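Notes follow once the structure below has been shown.
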Amino acid sequence: MAARHLLLLLALVCLHAPSHSASAQQPEEATVIVKGSTKIAQTDVNYICATIDWWPPEKCNYNQCPWGQSSILNLDLDHPFLAQAIQEFHNLRIRLGGSLQDRVVYDVGTNSPCSPFTNVSNGLFGFSAGCLSMDRWDKLNDLFQKTGAIITFGLNALHGRYNVQRSFWAGKWNSTNTYDFVKYTISKGYPVDSWEFGNELSGHGTGARVDAKLYGKDVTELKSILRQLYRAPLSQPLLLGPGGFFDQQWYTQLLQTSGHGVVNALTHHIYNLGGGDDVHLMRKIVDPKYLDRAEDTYRDMQLTLQRHGTWASSWVSESGGVFNNGRQLVSNTFMNSIWYLDQLGMASKYNTKVFCRQTLIGGNYGLLDTQTFLPNPDYYSALLWHRLMGNGVLSVDINAPRKLRAYAHCTKRHKGITILLINLSNSTVYNVTLQNDLNVSVERRTGHRRRSSGLRRAVSWLGSKPSSESTKRDEYHLTAKDGDHQSRTMLLNGVPLELGDGGGVPALNPVPAAVDSPVHLAPTSIVFVVLPRFEAKACS
């Protein structure tokens with residue numbers, strides 16, 4: 001125990017010791033003011049979500065084929081770390097779906113052989129139709145039930161339709177295969193939390209597109225099927241759609257055609273960094289103006305629901321940042337956590353209930369490495385968010401350059417708040433003073449400065465026993481190993497995050513800091529700050 005405390009103390013000293021580059025300049029002062037009186041938005045308790053896709057090993061882009069054996073059909077479900085990686089979240093939401101889901105046949109009540117996806121020149125995305133056997137579905141559910149995963153399943157929305165011209169598909173959806181599959185799922189007692197209709201068929205589509213009015217009629221039929229098969233009202237799963245890129249006119253038409261209460265959540269996809277061959281990816285990730293562009297999508301989605309679908313919520317059902325498999329040595333490195341955590345914070349401000357990361361495993365953007373199953377840096381970023389950031393979203397004011405990002409939530413399962421700070425600058429050190437809006441308002445009215453009573457002397461804890469001193473807060477500083485932003489090893493408070501000798505996920509222990517001192521934010525770094533006695537009525 002003493003050795004562990006000594007290690008944490010040494011890590012804290014190293015963390016706050018200035019580097020040669022940082023010591024050449026004085027830290028820049030910044031202030032973050034948190035408004036804790038009311039929530040500006042609310043996420044689902046299980047906001048963090050990850051996907052498992054259908055892509056076979058032959059899915060290649062830019063002379064790389066990074067999928068291997070990571071799909072719904074061929075993933076090694078018995079790999080010793082897979083179950084543990086899921087269990088660490090204590091109910092990780094997993095979305096099963098992706099581009100090929102609209103070419104999947106469910107092998108129940110069919111007389112055809114159950115064949116895998118194969119390369120064909122005239123197929124959607126260059127592949128034939130594929131098949132999900134019920135034996136494989138059973139094995140997947142064994143894993144999900146063992147790990148407590150919450151499942152969203154993406155259904156085939158092209159079954160029965162035909163390609164008219166180019167990417168446009170017409171014709172009525174044939175619901176028979178979906179009906180039989182859902183009925184089988186219910187008969188086996190598999191708890192699917194939500195069914196999502198189609199993948200990237202909205203607007204101009206990706207590979208294929210369907211008219212919004214036709215889509216609305218078919219999703220209404222699916223809702224009728226779910227109501228028929230799930231007889232108890234409380235057992236009704238959510239119906240999601242359309243799982244595509246947001247197109248305001250198309251999404252509005254879907255809501256108007258399907259009507260009140262049919263679609264429970266509008267789902268959309270975010271790939272705001274561009275393709276995997278973009279040479280400017282690293283620059284984009286730390287460009288605040290570029291990152292802020294995604295905010296328009298979240299805002300427009302929120303407005304669309306307020307005007308046309310107050311009964312529904314918004315989900316990001318797929319987001320990998322970089323489309324076409326992600327980018328090797330970007331999507332699977334520390335640098336990507338800058339993008340990922342910033343998007344989690346940004347989306348949450350606009351009442352996004354769920355944010356699904358492409359992928360749990362597969363491609364270059366997996367939370368787990370496709371070959372080794374070892375966690376990439378974003379796995380730990382997701383885990384820290386899931387454990388620390390509650391579903392109540394608070395407003396913040398930032399008195400600092402745009403290179404400093406800040407998000408605040410009620411702390412999960414504990415009193416107080418947690419603040420996420422991200423430094424996009426590769427040269428500037430920030431000393432960030434945290435303030436409570438209640439006290440700032442008093443200072444403005446009276447003309448007198450007061451020490452922030454909102455930042456009362458306190459300590460929180462996660463993954464270890466609480467500190468005995470009551471004058472501390474807890475900090476989780478994330479940096480890249482050896483200062484290499486494209487490193488696949490992330491440091492937590494100066495200590496590499498690596499699996500233990502027994503293959504277990506390391507403890508995510510914080511370091512204590514004086515509750516009334518500024519937060520020292522190193523260049524190109526991330527920190528979660530937990531303040532358990534911050535006065536926030538919205539979190540009580």
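All residue names refer to the structure tokens as shown: chains lettered A, B, ... in order, residues numbered from 1 in each chain, ligands numbered from 1 in order.
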Could you write out, as a count of residues only, all the residues of stretch 125-355 of chain A that DSSP marks as alpha helix (DSSP H)?
-> 96
DSSP-assigned strand (DSSP E) among stretch 284-327 of chain A, expressed as a VMD selection string | chain A and resid 313 to 319 322 to 323
Write out as an MDAnalysis selection string each polymer residue whose atoms come within 10 Å of A:Lys284, counting only C-alpha atoms; drop sequence neighbours fewer than 5 positions from it.
-> chainID A and resid 272:274 278:279 289:291 339
Considering only C-alpha atoms, state which residue in the set A:Arg402, A:Lys213, A:His280, A:Arg488 is at the smallest distance from A:Asp369.
-> A:Arg488
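Of the residues listed (A:Ser331, A:Asn141, A:Ser258, A:Thr110), A:Thr110 shows the shortest atom-to-atom separation from A:Asp180; distances use only C-alpha atoms.
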Select, from A:Asp142, A:Thr176, A:Gly148, A:His414, the residue with the minimum atom-to-atom distance to A:Gly160, counting only C-alpha atoms.
->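 That would be A:Thr176, the residue with the smallest distance to A:Gly160.
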Using only C-alpha atoms, determine which residues lie at most 10 Å from A:Ile150, disregarding the query and same-chain residues fewer than 5 positions distant; provide the list as a tab-separated table (two decimals) with all heavy atoms, in the first residue's frame.
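File written: selection.tsv
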```
chain	number	residue	atom	x	y	z
A	46	ASN	N	-26.40	5.26	-20.01
A	46	ASN	CA	-25.41	4.50	-20.80
A	46	ASN	C	-25.16	5.24	-22.12
A	46	ASN	O	-25.48	4.76	-23.20
A	46	ASN	CB	-25.91	3.08	-21.05
A	46	ASN	CG	-26.08	2.29	-19.77
A	46	ASN	OD1	-27.18	2.08	-19.29
A	46	ASN	ND2	-24.96	1.86	-19.20
A	49	CYS	N	-21.24	4.03	-26.07
A	49	CYS	CA	-21.68	2.89	-26.88
A	49	CYS	C	-20.57	2.57	-27.87
A	49	CYS	O	-19.80	3.46	-28.25
A	49	CYS	CB	-22.98	3.28	-27.60
A	49	CYS	SG	-23.51	2.23	-28.98
A	90	HIS	N	-19.60	-2.23	-17.01
A	90	HIS	CA	-20.81	-2.53	-16.25
A	90	HIS	C	-22.03	-2.04	-17.02
A	90	HIS	O	-22.71	-1.08	-16.62
A	90	HIS	CB	-20.76	-1.91	-14.85
A	90	HIS	CG	-19.62	-2.43	-14.03
A	90	HIS	ND1	-19.57	-3.71	-13.53
A	90	HIS	CD2	-18.46	-1.84	-13.65
A	90	HIS	CE1	-18.44	-3.89	-12.87
A	90	HIS	NE2	-17.74	-2.77	-12.92
A	91	ASN	N	-22.31	-2.69	-18.11
A	91	ASN	CA	-23.41	-2.44	-19.04
A	91	ASN	C	-22.99	-1.51	-20.17
A	91	ASN	O	-23.44	-0.37	-20.26
A	91	ASN	CB	-24.66	-1.90	-18.33
A	91	ASN	CG	-25.14	-2.79	-17.20
A	91	ASN	OD1	-25.21	-2.37	-16.06
A	91	ASN	ND2	-25.44	-4.04	-17.50
A	92	LEU	N	-22.12	-2.02	-21.01
A	92	LEU	CA	-21.74	-1.29	-22.21
A	92	LEU	C	-22.83	-1.46	-23.27
A	92	LEU	O	-23.28	-2.56	-23.53
A	92	LEU	CB	-20.41	-1.82	-22.77
A	92	LEU	CG	-19.94	-1.22	-24.10
A	92	LEU	CD1	-19.66	0.28	-23.96
A	92	LEU	CD2	-18.71	-1.95	-24.62
A	93	ARG	N	-23.22	-0.35	-23.87
A	93	ARG	CA	-24.17	-0.42	-24.98
A	93	ARG	C	-23.40	-0.79	-26.24
A	93	ARG	O	-22.40	-0.16	-26.57
A	93	ARG	CB	-24.88	0.92	-25.15
A	93	ARG	CG	-26.03	0.88	-26.13
A	93	ARG	CD	-26.65	2.26	-26.29
A	93	ARG	NE	-27.30	2.73	-25.08
A	93	ARG	CZ	-28.53	2.41	-24.71
A	93	ARG	NH1	-29.25	1.59	-25.47
A	93	ARG	NH2	-29.05	2.89	-23.60
A	94	ILE	N	-23.87	-1.82	-26.95
A	94	ILE	CA	-23.23	-2.26	-28.18
A	94	ILE	C	-24.25	-2.21	-29.31
A	94	ILE	O	-25.35	-2.75	-29.20
A	94	ILE	CB	-22.66	-3.69	-28.04
A	94	ILE	CG1	-21.56	-3.72	-26.98
A	94	ILE	CG2	-22.13	-4.20	-29.37
A	94	ILE	CD1	-20.99	-5.11	-26.73
A	95	ARG	N	-23.85	-1.56	-30.39
A	95	ARG	CA	-24.70	-1.50	-31.58
A	95	ARG	C	-24.14	-2.45	-32.63
A	95	ARG	O	-22.97	-2.35	-33.02
A	95	ARG	CB	-24.74	-0.08	-32.13
A	95	ARG	CG	-25.60	0.07	-33.39
A	95	ARG	CD	-24.81	0.76	-34.48
A	95	ARG	NE	-25.60	1.03	-35.67
A	95	ARG	CZ	-25.09	1.32	-36.85
A	95	ARG	NH1	-23.77	1.38	-36.99
A	95	ARG	NH2	-25.85	1.56	-37.88
A	144	PHE	N	-23.26	-11.49	-24.80
A	144	PHE	CA	-23.93	-10.28	-24.32
A	144	PHE	C	-24.54	-10.49	-22.94
A	144	PHE	O	-24.46	-9.60	-22.08
A	144	PHE	CB	-25.02	-9.86	-25.32
A	144	PHE	CG	-24.50	-9.56	-26.70
A	144	PHE	CD1	-25.29	-9.79	-27.82
A	144	PHE	CD2	-23.21	-9.08	-26.90
A	144	PHE	CE1	-24.82	-9.52	-29.09
A	144	PHE	CE2	-22.73	-8.82	-28.17
A	144	PHE	CZ	-23.54	-9.05	-29.27
A	145	GLN	N	-25.13	-11.64	-22.71
A	145	GLN	CA	-25.75	-11.89	-21.42
A	145	GLN	C	-24.70	-12.08	-20.33
A	145	GLN	O	-24.89	-11.66	-19.19
A	145	GLN	CB	-26.68	-13.10	-21.52
A	145	GLN	CG	-27.90	-12.82	-22.41
A	145	GLN	CD	-28.91	-13.95	-22.41
A	145	GLN	OE1	-28.61	-15.09	-22.06
A	145	GLN	NE2	-30.13	-13.65	-22.83
A	191	PRO	N	-32.63	-10.17	-24.70
A	191	PRO	CA	-33.13	-8.81	-24.43
A	191	PRO	C	-32.49	-7.76	-25.35
A	191	PRO	O	-31.49	-7.14	-25.00
A	191	PRO	CB	-32.72	-8.58	-22.97
A	191	PRO	CG	-31.48	-9.40	-22.79
A	191	PRO	CD	-31.62	-10.59	-23.71
A	192	VAL	N	-33.06	-7.56	-26.51
A	192	VAL	CA	-32.61	-6.50	-27.41
A	192	VAL	C	-33.25	-5.18	-26.93
A	192	VAL	O	-34.47	-5.06	-26.88
A	192	VAL	CB	-32.98	-6.79	-28.87
A	192	VAL	CG1	-32.65	-5.60	-29.77
A	192	VAL	CG2	-32.26	-8.04	-29.35
A	193	ASP	N	-32.42	-4.22	-26.60
A	193	ASP	CA	-32.91	-2.94	-26.08
A	193	ASP	C	-33.55	-2.09	-27.17
A	193	ASP	O	-34.53	-1.38	-26.91
A	193	ASP	CB	-31.74	-2.17	-25.45
A	193	ASP	CG	-32.12	-0.77	-25.01
A	193	ASP	OD1	-32.71	-0.63	-23.93
A	193	ASP	OD2	-31.84	0.20	-25.76
A	194	SER	N	-33.02	-2.16	-28.40
A	194	SER	CA	-33.53	-1.32	-29.48
A	194	SER	C	-33.21	-1.94	-30.83
A	194	SER	O	-32.16	-2.57	-31.02
A	194	SER	CB	-32.93	0.10	-29.38
A	194	SER	OG	-31.56	0.07	-29.12
```
May I have a table of the residues of stretch 59-111 of chain A lying at most 12 Å from stretch 496-518 of chain A, giving each one's closest pair of atoms and their distance in Å to one decimal, counting only C-alpha atoms, ordered by chain and ascending residue number, as CSV?
```
residue,atom,partner,partner_atom,distance
A:His79,CA,A:Gly503,CA,11.8
A:Pro80,CA,A:Gly503,CA,8.7
A:Phe81,CA,A:Gly503,CA,7.4
A:Leu82,CA,A:Gly503,CA,11.1
A:Ala83,CA,A:Gly504,CA,11.2
A:Gln84,CA,A:Gly504,CA,7.8
A:Ala85,CA,A:Val505,CA,7.7
A:Ile86,CA,A:Val505,CA,10.9
A:Gln87,CA,A:Val505,CA,10.5
A:Glu88,CA,A:Val505,CA,7.9
A:Phe89,CA,A:Val505,CA,11.1
```
Go ahead and dump the residues you just picked, C-alpha atoms, as a PDB file, in the first residue's frame.
```pdb
ATOM      1  CA  HIS A  79     -11.094 -14.458 -26.703  1.00  0.00           C
ATOM      2  CA  PRO A  80     -10.166 -14.068 -23.012  1.00  0.00           C
ATOM      3  CA  PHE A  81     -10.023 -10.263 -23.057  1.00  0.00           C
ATOM      4  CA  LEU A  82     -13.148  -9.513 -25.119  1.00  0.00           C
ATOM      5  CA  ALA A  83     -15.613 -10.317 -22.341  1.00  0.00           C
ATOM      6  CA  GLN A  84     -13.505  -8.535 -19.750  1.00  0.00           C
ATOM      7  CA  ALA A  85     -13.187  -5.416 -21.901  1.00  0.00           C
ATOM      8  CA  ILE A  86     -16.991  -5.225 -22.137  1.00  0.00           C
ATOM      9  CA  GLN A  87     -17.592  -6.052 -18.473  1.00  0.00           C
ATOM     10  CA  GLU A  88     -15.391  -3.180 -17.284  1.00  0.00           C
ATOM     11  CA  PHE A  89     -18.164  -0.791 -18.334  1.00  0.00           C
TER      12      PHE A  89
END
```
Measure the distance from atom CA of A:Val519 to atom CA of A:Leu384 in Å and round it to one decimal.
->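 Going from atom CA of A:Val519 over to atom CA of A:Leu384, I get 18.2 Å.
Considering the residues A:Asp102, A:Glu29, A:Asp484, A:Glu295 and counting only C-alpha atoms, A:Thr178 has its shortest atom-to-atom contact with A:Asp102.
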Non-local contacts of stretch 423-434 of chain A (9 Å; only C-alpha atoms; under 4 positions in same chain excluded) as JSON, numbers by chain | {"A": [21, 22, 25, 26, 27, 28, 29, 30, 31, 32, 33, 34, 285, 286, 287, 288, 338, 400, 402, 403, 404, 405, 452, 455, 516, 517, 518, 519, 520, 521, 522, 523, 524, 525, 526, 527]}
For A:Asn163, which residue out of A:Pro532, A:Gly189, A:Gly123, A:Gly130 is the nearest one, using only C-alpha atoms?
->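 Closest residue, counting only C-alpha atoms: A:Gly123.
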Expressed in Å to a single decimal, how great is the separation between atom CA of A:Thr220 and atom CA of A:Tyr179?
-> 13.6 Å
Nearest-residue call for A:Phe181, choices A:Asp378, A:Lys537, A:Cys131, A:Gly198, using only C-alpha atoms |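 Going through A:Asp378, A:Lys537, A:Cys131, A:Gly198 one by one, the smallest distance to A:Phe181 is for A:Cys131.
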Separation of atom CA of A:Asn174 from atom CA of A:Asn156 in Å =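 Atom CA of A:Asn174 lies 9.6 Å from atom CA of A:Asn156.
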Identify, on the basis of only C-alpha atoms, every residue whose closest approach to A:Gly326 does not exceed 10 Å; exclude the query and any residue fewer than 2 positions from it along the same chain; express the result as a PyMOL selection string.
-> chain A and resi 61+66+271+273-277+320-324+328-332+358-359+362-366
